[in-house]
Amino acid sequence: MTGAERGAPAGPRRGAGGRLPEDAGSPLPLEGITVVALEQAVAAPFATRQLADQGARVIKVERVDGGDFARAYDSAVRGGLGTHFAWLNRSKESVALDLKRDEGRAILADLVARADVFLQNLAPGAAARLGFGADALRARDPRLIVVDMSGYGTSGPYRDKRAYDMLVQAEAGLISVTGTPETPVKAGSPLADIAAGMYAFSGVLAALVRRGGTGEGASIEVSMFDAVAEWMTQAMYTTLFTGSPPPRTRLSHPVIAPYDAYPTADGADVVIGVQNDRGWAALAAGVLDRPHLVTDPEFATNRARVRNREKVDAIVAAVTSGMGRDELLRRLDDAGVANASLNDGHGLIAHPQLAERDRWREVGSPVGAIPALLPPITFAGIEARMDPIPALGEHTDAVLRELGRDDAAIAALRAAGAVA
């Protein structure tokens, strides 16, 4: 079943370049910026897709023999395209080069010479061995912004250690605080990749702002490990100053109660989050109909509720299990108590917030048009660019012509296997 069949609009709006027709005169923030990306997998493509969303031209350099391996992680999108690749690569141009050949490296050098940003996530040192290290590139063009992305950074004892999302989540401690008391689990989304991608994106934006004032480019390094370590700082402080890591608490919070999923009469769980004692008073009196709990010394303060978490959860669940989901959500909202439905993928696709805010669009792809969500950054009067997801090497010929290669030269490069 397609996303449209599960709640995404059947005919999403789309203007030229993915913009609304009425917005066609408003430039996107990064129009005129060219990014050359020697990228694969998730972290770097996530960063460059954010840049493409905001108008940057992103030229994605892929291997001639299959391209970005995320293309083939699975084939769930219409039976032919990987879900990760579909998510991360819209609005990009695909150029397939064999960088083991002099001709392929020469083409990449020509592309970088015309770029504002060069971003890569090969193994540490690999880009430099190909002649595309940050120092060499910026010596030729001081205005160039170079971003090197890696698992653990370009120095240190873990420099050459393989770094996949789950491995970095484990190494940086994220898995240790996620799951049940008995079983640690990784986050279901590739958070280490996403974290690094977002820091690379924001780093490029900061470098572009600085370059606008000084004319100076930048050499930027972003590692997945550093990104997740930053996200783990609160847990690290807990460990540092108490001597004990935060416990795994399923859906609940180690230092706040009640903060968990609670059952309803029709089988759907509802998540309730009480951040302070005012929230507890609203829940106890306005939803549970137990106003005496507001002043009961076992429950009156958050610290008391955390000490008595099992009692608190039992009291809340005893009431919520007698209500239907919709009734409970209404009562929580009326009382001003923070809550959420415990949705799965079907619930997200059909979510009324996405529908009512007109967040669904449609993008082209090698397997046909597919639904997609507008990116989270929303500029008033401008719609993000949402152009098609490219086939491998789809733009090779056009880009080579821009670089001055004629048809005969392109045919010779293809015959030699230097491009695809």
# chains A, B, ... in the order shown; residues from 1 in each chain; ligands from 1
$ select_by_dssp --residues "range 125-286 of chain A" --states "strand (DSSP E or B)" --output "MDAnalysis selection string"
chainID A and resid 145:150 179 184 218:223 253 256 259:262 270:273
$ residues_around --residues "Ala37 in chain A" --least-positions-apart "3" --cutoff "7 Å" --atoms "only C-alpha atoms" --output "CSV table (one decimal) with all heavy atoms, in the first residue's frame"
chain,number,residue,atom,x,y,z
A,58,VAL,N,23.1,21.0,-5.6
A,58,VAL,CA,23.9,19.9,-5.1
A,58,VAL,C,24.3,18.9,-6.2
A,58,VAL,O,23.4,18.3,-6.7
A,58,VAL,CB,23.2,19.2,-3.9
A,58,VAL,CG1,24.1,18.1,-3.4
A,58,VAL,CG2,23.0,20.2,-2.8
A,59,ILE,N,25.5,18.8,-6.5
A,59,ILE,CA,26.0,17.9,-7.5
A,59,ILE,C,26.6,16.7,-6.7
A,59,ILE,O,27.6,16.8,-6.0
A,59,ILE,CB,27.1,18.5,-8.4
A,59,ILE,CG1,26.5,19.7,-9.2
A,59,ILE,CG2,27.6,17.4,-9.4
A,59,ILE,CD1,27.5,20.4,-10.0
A,60,LYS,N,25.9,15.6,-6.8
A,60,LYS,CA,26.2,14.4,-6.0
A,60,LYS,C,27.1,13.5,-6.9
A,60,LYS,O,26.7,13.0,-8.0
A,60,LYS,CB,25.0,13.6,-5.6
A,60,LYS,CG,25.2,12.3,-4.8
A,60,LYS,CD,23.8,11.6,-4.6
A,60,LYS,CE,24.0,10.4,-3.8
A,60,LYS,NZ,24.2,10.7,-2.3
A,61,VAL,N,28.3,13.3,-6.4
A,61,VAL,CA,29.3,12.4,-7.2
A,61,VAL,C,29.2,11.0,-6.6
A,61,VAL,O,29.4,10.8,-5.4
A,61,VAL,CB,30.7,13.0,-7.0
A,61,VAL,CG1,31.7,12.1,-7.7
A,61,VAL,CG2,30.8,14.4,-7.6
A,118,PHE,N,32.5,22.0,-0.8
A,118,PHE,CA,32.8,20.6,-1.1
A,118,PHE,C,32.7,19.8,0.2
A,118,PHE,O,33.3,20.1,1.2
A,118,PHE,CB,34.3,20.5,-1.6
A,118,PHE,CG,34.7,19.0,-1.9
A,118,PHE,CD1,34.1,18.2,-2.8
A,118,PHE,CD2,35.7,18.5,-1.1
A,118,PHE,CE1,34.5,16.9,-3.0
A,118,PHE,CE2,36.1,17.2,-1.3
A,118,PHE,CZ,35.5,16.4,-2.3
A,119,LEU,N,31.8,18.8,0.1
A,119,LEU,CA,31.5,18.0,1.3
A,119,LEU,C,31.7,16.5,1.0
A,119,LEU,O,31.3,16.1,-0.1
A,119,LEU,CB,30.1,18.3,1.8
A,119,LEU,CG,29.6,17.6,3.0
A,119,LEU,CD1,28.5,18.5,3.7
A,119,LEU,CD2,29.0,16.2,2.8
A,120,GLN,N,32.4,15.8,1.9
A,120,GLN,CA,32.7,14.4,1.6
A,120,GLN,C,32.6,13.6,2.9
A,120,GLN,O,32.9,14.1,4.0
A,120,GLN,CB,34.0,14.2,0.9
A,120,GLN,CG,35.2,14.7,1.7
A,120,GLN,CD,35.8,13.6,2.6
A,120,GLN,OE1,35.5,12.4,2.4
A,120,GLN,NE2,36.5,14.0,3.7
$ select_by_dssp --residues "range 6-114 of chain A" --states "helix (DSSP H, G or I)" --output "ChimeraX atom specification"
/A:6,16-18,21-23,43-53,69-72,83-88,102-113
$ write_last_selection --atoms "C-alpha atoms" --output "PDB file, in the first residue's frame"
ATOM      1  CA  ARG A   6      -2.616   5.406   3.922  1.00  0.00           C
ATOM      2  CA  ALA A  16       8.094  24.456 -10.939  1.00  0.00           C
ATOM      3  CA  GLY A  17      11.045  23.201  -8.940  1.00  0.00           C
ATOM      4  CA  GLY A  18       8.718  22.056  -6.172  1.00  0.00           C
ATOM      5  CA  PRO A  21       3.275  28.854  -8.255  1.00  0.00           C
ATOM      6  CA  GLU A  22       2.543  31.979  -6.217  1.00  0.00           C
ATOM      7  CA  ASP A  23       5.997  31.773  -4.633  1.00  0.00           C
ATOM      8  CA  ALA A  43      25.041  11.423   7.304  1.00  0.00           C
ATOM      9  CA  ALA A  44      26.458  13.436   4.389  1.00  0.00           C
ATOM     10  CA  PRO A  45      23.414  13.006   2.109  1.00  0.00           C
ATOM     11  CA  PHE A  46      21.225  14.218   4.989  1.00  0.00           C
ATOM     12  CA  ALA A  47      23.342  17.383   5.278  1.00  0.00           C
ATOM     13  CA  THR A  48      23.350  18.132   1.554  1.00  0.00           C
ATOM     14  CA  ARG A  49      19.640  17.478   1.140  1.00  0.00           C
ATOM     15  CA  GLN A  50      18.968  20.244   3.678  1.00  0.00           C
ATOM     16  CA  LEU A  51      21.135  22.523   1.541  1.00  0.00           C
ATOM     17  CA  ALA A  52      19.275  21.478  -1.620  1.00  0.00           C
ATOM     18  CA  ASP A  53      15.920  22.052   0.083  1.00  0.00           C
ATOM     19  CA  PHE A  69      25.268   2.080  -1.774  1.00  0.00           C
ATOM     20  CA  ALA A  70      22.194   3.443   0.019  1.00  0.00           C
ATOM     21  CA  ARG A  71      20.426   3.086  -3.326  1.00  0.00           C
ATOM     22  CA  ALA A  72      20.321  -0.640  -2.647  1.00  0.00           C
ATOM     23  CA  THR A  83      13.932   4.074   1.309  1.00  0.00           C
ATOM     24  CA  HIS A  84      17.051   5.799   2.682  1.00  0.00           C
ATOM     25  CA  PHE A  85      18.060   7.000  -0.763  1.00  0.00           C
ATOM     26  CA  ALA A  86      14.568   8.296  -1.549  1.00  0.00           C
ATOM     27  CA  TRP A  87      14.513  10.183   1.757  1.00  0.00           C
ATOM     28  CA  LEU A  88      17.914  11.822   1.387  1.00  0.00           C
ATOM     29  CA  ASP A 102      42.877  10.305 -13.868  1.00  0.00           C
ATOM     30  CA  GLU A 103      39.985  11.389 -16.049  1.00  0.00           C
ATOM     31  CA  GLY A 104      37.464  10.969 -13.219  1.00  0.00           C
ATOM     32  CA  ARG A 105      39.608  12.938 -10.783  1.00  0.00           C
ATOM     33  CA  ALA A 106      40.102  15.677 -13.374  1.00  0.00           C
ATOM     34  CA  ILE A 107      36.343  16.053 -13.753  1.00  0.00           C
ATOM     35  CA  LEU A 108      35.879  16.209  -9.986  1.00  0.00           C
ATOM     36  CA  ALA A 109      38.615  18.861  -9.773  1.00  0.00           C
ATOM     37  CA  ASP A 110      36.781  20.926 -12.404  1.00  0.00           C
ATOM     38  CA  LEU A 111      33.545  20.623 -10.443  1.00  0.00           C
ATOM     39  CA  VAL A 112      35.155  21.652  -7.156  1.00  0.00           C
ATOM     40  CA  ALA A 113      36.828  24.617  -8.852  1.00  0.00           C
TER      41      ALA A 113
END
$ closest_atom_pairs --of "range 106-174 of chain A" --to "range 220-235 of chain A" --cutoff "6 Å" --atoms "only C-alpha atoms" --output "Markdown table"
| residue | atom | partner | partner_atom | distance |
| --- | --- | --- | --- | --- |
| A:Val147 | CA | A:Ile220 | CA | 4.7 |
| A:Asp148 | CA | A:Glu221 | CA | 4.9 |
| A:Met149 | CA | A:Val222 | CA | 4.9 |
| A:Ser150 | CA | A:Ser223 | CA | 4.8 |
| A:Gly151 | CA | A:Met224 | CA | 4.9 |
| A:Tyr152 | CA | A:Phe225 | CA | 5.3 |
| A:Gly153 | CA | A:Ser223 | CA | 5.1 |
| A:Val168 | CA | A:Phe225 | CA | 5.9 |
| A:Ala172 | CA | A:Ala229 | CA | 5.6 |
$ atom_distance --atom1 "CA of Val287 in chain A" --atom2 "CA of His253 in chain A"
20.8 Å
$ residues_around --residues "Glu62 in chain A" --least-positions-apart "3" --cutoff "9 Å" --atoms "only C-alpha atoms" --output "VMD selection string"
chain A and resid 37 to 40 65 to 68 94 to 98 392 to 393
$ atom_distance --atom1 "CA of Leu99 in chain A" --atom2 "CA of Arg143 in chain A"
24.2 Å
$ closest_residue --among "A:Pro388, A:Pro263, A:Pro124, A:Pro366" --to "Ser155 in chain A" --atoms "only C-alpha atoms"
A:Pro124
$ closest_residue --among "A:Ala398, A:Ile389, A:Ala420, A:Leu342" --to "Asn89 in chain A" --atoms "only C-alpha atoms"
A:Ile389
$ residues_around --residues "Ala56 in chain A" --least-positions-apart "6" --cutoff "7 Å" --atoms "only C-alpha atoms" --output "PyMOL selection string"
chain A and resi 30-35
$ write_last_selection --atoms "all heavy atoms" --output "PDB file, in the first residue's frame"
ATOM      1  N   LEU A  30      19.441  29.780  -0.414  1.00  0.00           N
ATOM      2  CA  LEU A  30      20.749  29.320  -0.883  1.00  0.00           C
ATOM      3  C   LEU A  30      20.859  29.262  -2.398  1.00  0.00           C
ATOM      4  O   LEU A  30      21.783  28.644  -2.928  1.00  0.00           O
ATOM      5  CB  LEU A  30      21.073  27.949  -0.271  1.00  0.00           C
ATOM      6  CG  LEU A  30      21.190  27.933   1.248  1.00  0.00           C
ATOM      7  CD1 LEU A  30      21.522  26.522   1.746  1.00  0.00           C
ATOM      8  CD2 LEU A  30      22.241  28.918   1.739  1.00  0.00           C
ATOM      9  N   GLU A  31      19.931  29.889  -3.101  1.00  0.00           N
ATOM     10  CA  GLU A  31      20.064  29.940  -4.554  1.00  0.00           C
ATOM     11  C   GLU A  31      21.364  30.639  -4.922  1.00  0.00           C
ATOM     12  O   GLU A  31      21.739  31.651  -4.332  1.00  0.00           O
ATOM     13  CB  GLU A  31      18.866  30.660  -5.172  1.00  0.00           C
ATOM     14  CG  GLU A  31      17.619  29.789  -5.214  1.00  0.00           C
ATOM     15  CD  GLU A  31      16.490  30.436  -5.990  1.00  0.00           C
ATOM     16  OE1 GLU A  31      16.732  31.449  -6.677  1.00  0.00           O
ATOM     17  OE2 GLU A  31      15.355  29.918  -5.903  1.00  0.00           O
ATOM     18  N   GLY A  32      22.065  30.073  -5.907  1.00  0.00           N
ATOM     19  CA  GLY A  32      23.363  30.602  -6.318  1.00  0.00           C
ATOM     20  C   GLY A  32      24.534  29.919  -5.657  1.00  0.00           C
ATOM     21  O   GLY A  32      25.678  30.133  -6.053  1.00  0.00           O
ATOM     22  N   ILE A  33      24.278  29.081  -4.643  1.00  0.00           N
ATOM     23  CA  ILE A  33      25.330  28.319  -3.967  1.00  0.00           C
ATOM     24  C   ILE A  33      25.432  26.945  -4.620  1.00  0.00           C
ATOM     25  O   ILE A  33      24.429  26.249  -4.793  1.00  0.00           O
ATOM     26  CB  ILE A  33      25.033  28.168  -2.467  1.00  0.00           C
ATOM     27  CG1 ILE A  33      24.985  29.534  -1.785  1.00  0.00           C
ATOM     28  CG2 ILE A  33      26.061  27.259  -1.802  1.00  0.00           C
ATOM     29  CD1 ILE A  33      26.283  30.312  -1.831  1.00  0.00           C
ATOM     30  N   THR A  34      26.649  26.541  -4.971  1.00  0.00           N
ATOM     31  CA  THR A  34      26.879  25.219  -5.558  1.00  0.00           C
ATOM     32  C   THR A  34      27.643  24.348  -4.585  1.00  0.00           C
ATOM     33  O   THR A  34      28.680  24.756  -4.045  1.00  0.00           O
ATOM     34  CB  THR A  34      27.666  25.334  -6.875  1.00  0.00           C
ATOM     35  OG1 THR A  34      26.887  26.067  -7.829  1.00  0.00           O
ATOM     36  CG2 THR A  34      27.971  23.952  -7.445  1.00  0.00           C
ATOM     37  N   VAL A  35      27.123  23.164  -4.360  1.00  0.00           N
ATOM     38  CA  VAL A  35      27.725  22.185  -3.459  1.00  0.00           C
ATOM     39  C   VAL A  35      28.113  20.964  -4.270  1.00  0.00           C
ATOM     40  O   VAL A  35      27.288  20.408  -5.004  1.00  0.00           O
ATOM     41  CB  VAL A  35      26.738  21.771  -2.343  1.00  0.00           C
ATOM     42  CG1 VAL A  35      27.357  20.734  -1.415  1.00  0.00           C
ATOM     43  CG2 VAL A  35      26.262  22.992  -1.568  1.00  0.00           C
TER      44      VAL A  35
END
$ closest_residue --among "A:Asp296, A:Asp116, A:Asp165, A:Glu402" --to "Leu137 in chain A" --atoms "only C-alpha atoms"
A:Asp116
$ atom_distance --atom1 "CA of Met386 in chain A" --atom2 "CA of Pro27 in chain A"
14.1 Å
$ residues_around --residues "Arg331 in chain A" --least-positions-apart "5" --cutoff "9 Å" --atoms "only C-alpha atoms" --output "list in words"
Gly286, Val287, Asp326, Gly336 and Val337 of chain A
$ write_last_selection --atoms "C-alpha atoms" --output "PDB file, in the first residue's frame"
ATOM      1  CA  GLY A 286      -8.826  17.690  36.279  1.00  0.00           C
ATOM      2  CA  VAL A 287      -8.375  14.231  34.750  1.00  0.00           C
ATOM      3  CA  ASP A 326     -10.366  10.083  22.412  1.00  0.00           C
ATOM      4  CA  GLY A 336      -3.817  21.537  30.051  1.00  0.00           C
ATOM      5  CA  VAL A 337      -1.851  18.347  30.682  1.00  0.00           C
TER       6      VAL A 337
END
$ closest_residue --among "A:Val185, A:Ala335, A:Ala265, A:Leu348" --to "Leu283 in chain A" --atoms "only C-alpha atoms"
A:Ala335
